[in-house]
Amino acid sequence: MEIHLPSLPMMEILSYLDAYSLLQAAQVNKNWNELASSNVLWRKLCQKRWLYCCMFTLELHGLETWKQFFFDKTWQEQAKTRAKPEDFTYKEIPVEFEIRSHPRYISRHGLTRNGQGKSAVCMITSLNRISTWDIQEGAMTWISPKQPSYIALMTTLPEMHIAVTVDMQSTIKLWDCHNREVLATKGLFFCYQLLQAEFTKDGPIVLVFYMSSLLKTSEFSAPVSTILQVPVIRKVFWTPRREDRITLMSLILPQNITKFDTFDMKVEGIRNKVTIQGYLTASFLLAEHEGIPEYFGVSDKDVIVCSTRFSLLLFDINGVRLQSFQYCPEEIWKLWVDPVHVIVTCDDGTLDVYAWEKRSLLLRKCYRVLNRGHQPTSGFILETLCDDVSIILVINNSPNPWCLIAYTLNVCS
């Protein structure tokens, strides 16, 4: 006997299910299959996990349904977890100019099953310009005009192929990394420290972190800001797959104690005036015996990952130790954290790839990628970054002073 329920109440019920449960519901009968395959339901699931992707049409993604997008994107994320070290192609990309900032990805699409995925990065060079580089081709694809003022900070919105820069005159500029002319320019009135771009439900925003304040540009005519009372800020990390939570790693002087503060940011309207408020959600001090971490990141489950010279440490946002991995004789030199992976770069160029467990707050080690070319000392590894297609190390070493080391993932089903 088939079960028939009115479509609207049924859609409301199905909207509370996760992807696995929706697939189970689709097996009941044809009517349930049609409802459980609805673009509305699958777009909601996609938006929950990849908010920025849902800012664009399916046509831009080259797909017909949000269900297809969900499975393609999930496959992309899991491909690196399933990979083996031999699945990566090694490439050294010499860079003629001095690299003045950490590169950022500018590529729009990730790994595809037919091998069409591309990786591209954007960076500031010694010529006071920004340029983009195709990782697969190992070549520069675009360069901006030389700027009159020193470019101090840069971030990117890869989904829009846009780079954002701030110069020493506190001028913020938006660049379409296909055209030489700047898209937009705006003067700032504060000293800056960090720059980050994020997607929210209202569209892309650019966040400029000051020594003691946070600026959020929005759809309003004037930017709104708030003061976050924290010690000396060392690093900032926006919680993945959330648009309202930020964690700051700071240093309390002169004791040199590391502190983590997590704030929920709320846009509020008070008497026809829009303000943004930061509410302290959690805070803790790192024990002195843990050392002073240089890098950290946060998972979408609110797990803080930080690295000292010889340890990879995991805490919840209240400071409860969850897990640790010890490194010796190797030293941890760089750390990358995203919603799927954690990548540790050792001082000899070795990469350890970890993945988040699906139903826990812990990490599992997937594999180790040995250095296939350079044998750099710790002082020459400047940065590690990762997307669905590649893992990139920025190297300053002889005989080519500046070089991008790229490990590109071959398609694996």
# chains A, B, ... in the order shown; residues from 1 in each chain; ligands from 1
>>> select_by_dssp(residues="region 76-133 of chain A", states="strand (DSSP E)", output="JSON, numbers by chain")
{"A": [88, 89, 90, 91, 92, 93, 94, 104, 105, 120, 121, 122, 123, 124, 130, 131, 132, 133]}
>>> residues_around(residues="Asp302 (chain A)", least_positions_apart="6", cutoff="12 Å", atoms="only C-alpha atoms", output="list in words")
Phe237, Trp238, Thr239, Pro240, Arg241, Arg242, Arg245, Ile246, Thr247, Asp261, Thr262, Phe263, Thr281, Ala282, Leu314, Phe315, Asp316, Ile317, Asn318, Gly319, Val320, Leu322, Asp338, Pro339, Ser360, Leu361 and Leu362 of chain A
>>> write_last_selection(atoms="C-alpha atoms", output="tab-separated table (two decimals), in the first residue's frame")
chain	number	residue	atom	x	y	z
A	237	PHE	CA	40.05	32.51	11.73
A	238	TRP	CA	36.45	32.66	10.56
A	239	THR	CA	34.52	29.49	11.47
A	240	PRO	CA	33.93	27.48	8.26
A	241	ARG	CA	30.35	27.15	7.04
A	242	ARG	CA	29.23	29.85	9.46
A	245	ARG	CA	31.49	33.23	14.34
A	246	ILE	CA	35.12	34.29	14.54
A	247	THR	CA	38.03	33.05	16.67
A	261	ASP	CA	38.55	34.12	22.08
A	262	THR	CA	35.47	33.10	20.08
A	263	PHE	CA	32.90	35.78	19.21
A	281	THR	CA	30.98	32.94	23.18
A	282	ALA	CA	34.00	31.15	24.63
A	314	LEU	CA	43.05	19.99	19.22
A	315	PHE	CA	40.74	21.76	21.69
A	316	ASP	CA	37.08	22.61	21.83
A	317	ILE	CA	36.32	26.34	22.01
A	318	ASN	CA	36.22	26.12	25.83
A	319	GLY	CA	39.75	24.75	26.02
A	320	VAL	CA	39.07	21.05	26.63
A	322	LEU	CA	40.53	16.60	22.51
A	338	ASP	CA	39.76	23.68	6.26
A	339	PRO	CA	36.36	21.98	6.76
A	360	SER	CA	33.28	12.98	15.88
A	361	LEU	CA	35.43	15.98	16.71
A	362	LEU	CA	38.68	14.13	16.04
>>> closest_residue(among="A:Leu63, A:Ile13, A:Val166, A:Ile151", to="Arg100 (chain A)", atoms="only C-alpha atoms")
A:Ile151
>>> atom_distance(atom1="CA of Phe260 (chain A)", atom2="CA of Gln277 (chain A)")
18.5 Å
>>> residues_around(residues="Leu17 (chain A)", least_positions_apart="3", cutoff="12 Å", atoms="only C-alpha atoms", output="short mmCIF file (atom, residue, chain, number, x, y, z; two decimals) with C-alpha atoms, in the first residue's frame")
data_model
loop_
_atom_site.label_atom_id
_atom_site.label_comp_id
_atom_site.auth_asym_id
_atom_site.auth_seq_id
_atom_site.Cartn_x
_atom_site.Cartn_y
_atom_site.Cartn_z
CA MET A 10 5.42 16.50 3.03
CA MET A 11 7.98 19.01 1.76
CA GLU A 12 8.01 20.64 5.19
CA ILE A 13 8.77 17.28 6.80
CA LEU A 14 11.48 16.43 4.29
CA TYR A 20 21.30 10.34 3.74
CA SER A 21 17.74 10.44 5.09
CA LEU A 22 16.48 12.17 1.93
CA LEU A 23 17.94 9.38 -0.18
CA GLN A 24 16.22 6.82 2.04
CA ALA A 25 12.89 8.63 1.74
CA ALA A 26 13.26 8.67 -2.04
CA ALA A 36 12.86 14.12 -2.06
CA LEU A 41 15.48 20.68 -0.58
CA TRP A 42 18.90 19.96 -2.07
CA LYS A 44 19.02 24.07 1.25
CA LEU A 45 21.48 21.26 2.05
#
>>> residues_around(residues="region 83-92 of chain A", least_positions_apart="5", cutoff="8 Å", atoms="only C-alpha atoms", output="ChimeraX atom specification")
/A:138,367-370,372,403-410,412
>>> residues_around(residues="Pro329 (chain A)", least_positions_apart="6", cutoff="12 Å", atoms="only C-alpha atoms", output="ChimeraX atom specification")
/A:309-311,346-348
>>> atom_distance(atom1="CA of Val337 (chain A)", atom2="CA of Pro158 (chain A)")
17.4 Å
>>> residues_around(residues="Gly187 (chain A)", least_positions_apart="5", cutoff="8 Å", atoms="only C-alpha atoms", output="compact mmCIF listing (two decimals) with N, CA, C and O atoms, in the first residue's frame")
# COMPACT_ATOMS: atom_id res chain seq x y z
N SER A 170 46.28 52.98 3.03
CA SER A 170 44.97 52.54 3.52
C SER A 170 43.89 52.63 2.45
O SER A 170 42.74 52.99 2.72
N THR A 171 44.27 52.30 1.22
CA THR A 171 43.31 52.25 0.11
C THR A 171 43.00 50.80 -0.20
O THR A 171 43.90 49.99 -0.45
N ILE A 172 41.72 50.45 -0.18
CA ILE A 172 41.29 49.10 -0.50
C ILE A 172 40.83 49.07 -1.96
O ILE A 172 40.13 49.96 -2.42
>>> closest_residue(among="A:Ile93, A:Val389, A:Ala120, A:Met265", to="Thr156 (chain A)", atoms="only C-alpha atoms")
A:Ala120
>>> closest_residue(among="A:Leu253, A:Ile395, A:Val344, A:Leu280", to="Phe296 (chain A)", atoms="only C-alpha atoms")
A:Val344
>>> atom_distance(atom1="CA of His341 (chain A)", atom2="CA of Cys366 (chain A)")
9.6 Å
>>> closest_residue(among="A:Leu312, A:Leu8, A:Val236, A:Ile162", to="Val298 (chain A)", atoms="only C-alpha atoms")
A:Val236
>>> residues_around(residues="Val182 (chain A)", least_positions_apart="2", cutoff="10 Å", atoms="only C-alpha atoms", output="PyMOL selection string")
chain A and resi 144-145+163-164+173-177+179-180+184-185
>>> write_last_selection(atoms="all heavy atoms", output="tab-separated table (two decimals), in the first residue's frame")
chain	number	residue	atom	x	y	z
A	144	SER	N	48.60	42.73	-12.68
A	144	SER	CA	47.98	44.05	-12.58
A	144	SER	C	48.98	45.14	-12.96
A	144	SER	O	50.19	44.90	-13.00
A	144	SER	CB	47.51	44.28	-11.14
A	144	SER	OG	48.63	44.52	-10.28
A	145	PRO	N	48.51	46.34	-13.20
A	145	PRO	CA	49.44	47.47	-13.38
A	145	PRO	C	50.22	47.71	-12.09
A	145	PRO	O	49.75	47.39	-11.00
A	145	PRO	CB	48.52	48.65	-13.70
A	145	PRO	CG	47.22	48.04	-14.12
A	145	PRO	CD	47.11	46.75	-13.40
A	163	ALA	N	40.23	39.63	-6.51
A	163	ALA	CA	41.23	39.83	-5.46
A	163	ALA	C	40.98	41.17	-4.79
A	163	ALA	O	40.51	42.13	-5.42
A	163	ALA	CB	42.63	39.79	-6.05
A	164	VAL	N	41.28	41.24	-3.49
A	164	VAL	CA	41.11	42.46	-2.71
A	164	VAL	C	42.46	42.82	-2.10
A	164	VAL	O	43.12	41.97	-1.50
A	164	VAL	CB	40.07	42.26	-1.58
A	164	VAL	CG1	39.82	43.58	-0.85
A	164	VAL	CG2	38.77	41.68	-2.13
A	173	LYS	N	41.27	48.04	-2.70
A	173	LYS	CA	40.94	47.92	-4.13
A	173	LYS	C	40.43	46.52	-4.43
A	173	LYS	O	40.93	45.54	-3.87
A	173	LYS	CB	42.16	48.23	-4.99
A	173	LYS	CG	42.67	49.66	-4.87
A	173	LYS	CD	43.87	49.92	-5.76
A	173	LYS	CE	44.35	51.36	-5.64
A	173	LYS	NZ	45.51	51.65	-6.51
A	174	LEU	N	39.47	46.44	-5.34
A	174	LEU	CA	38.93	45.18	-5.82
A	174	LEU	C	39.37	44.98	-7.26
A	174	LEU	O	39.21	45.88	-8.09
A	174	LEU	CB	37.40	45.15	-5.73
A	174	LEU	CG	36.78	44.69	-4.40
A	174	LEU	CD1	37.12	45.67	-3.29
A	174	LEU	CD2	35.28	44.50	-4.54
A	175	TRP	N	39.90	43.77	-7.55
A	175	TRP	CA	40.41	43.47	-8.88
A	175	TRP	C	39.70	42.28	-9.49
A	175	TRP	O	39.56	41.24	-8.83
A	175	TRP	CB	41.90	43.13	-8.81
A	175	TRP	CG	42.77	44.19	-8.22
A	175	TRP	CD1	43.06	44.40	-6.90
A	175	TRP	CD2	43.47	45.21	-8.95
A	175	TRP	NE1	43.90	45.47	-6.75
A	175	TRP	CE2	44.18	45.99	-7.99
A	175	TRP	CE3	43.60	45.52	-10.30
A	175	TRP	CZ2	44.98	47.06	-8.35
A	175	TRP	CZ3	44.38	46.60	-10.65
A	175	TRP	CH2	45.07	47.36	-9.69
A	176	ASP	N	39.23	42.43	-10.73
A	176	ASP	CA	38.80	41.28	-11.53
A	176	ASP	C	40.07	40.73	-12.18
A	176	ASP	O	40.68	41.41	-13.02
A	176	ASP	CB	37.81	41.73	-12.60
A	176	ASP	CG	37.39	40.59	-13.53
A	176	ASP	OD1	37.98	39.49	-13.46
A	176	ASP	OD2	36.47	40.81	-14.34
A	177	CYS	N	40.47	39.53	-11.81
A	177	CYS	CA	41.76	39.01	-12.25
A	177	CYS	C	41.72	38.48	-13.69
A	177	CYS	O	42.38	37.49	-14.04
A	177	CYS	CB	42.26	37.94	-11.29
A	177	CYS	SG	42.63	38.59	-9.66
A	179	ASN	N	41.00	41.41	-15.97
A	179	ASN	CA	41.17	42.72	-16.56
A	179	ASN	C	42.21	43.52	-15.77
A	179	ASN	O	42.39	43.33	-14.58
A	179	ASN	CB	39.84	43.49	-16.56
A	179	ASN	CG	38.76	42.72	-17.29
A	179	ASN	OD1	38.98	42.25	-18.39
A	179	ASN	ND2	37.60	42.58	-16.67
A	180	ARG	N	42.87	44.45	-16.44
A	180	ARG	CA	43.94	45.21	-15.80
A	180	ARG	C	43.43	46.39	-14.96
A	180	ARG	O	44.12	46.86	-14.07
A	180	ARG	CB	44.92	45.73	-16.87
A	180	ARG	CG	45.79	44.62	-17.45
A	180	ARG	CD	46.71	45.15	-18.53
A	180	ARG	NE	47.58	46.24	-18.08
A	180	ARG	CZ	48.71	46.05	-17.41
A	180	ARG	NH1	49.11	44.83	-17.09
A	180	ARG	NH2	49.47	47.09	-17.06
A	184	ALA	N	37.01	48.56	-8.15
A	184	ALA	CA	36.51	49.54	-7.18
A	184	ALA	C	37.65	49.95	-6.26
A	184	ALA	O	38.57	49.17	-6.01
A	184	ALA	CB	35.35	48.95	-6.38
A	185	THR	N	37.56	51.17	-5.75
A	185	THR	CA	38.57	51.72	-4.84
A	185	THR	C	37.87	52.47	-3.72
A	185	THR	O	36.89	53.17	-3.95
A	185	THR	CB	39.50	52.70	-5.58
A	185	THR	OG1	40.14	52.01	-6.66
A	185	THR	CG2	40.56	53.25	-4.65
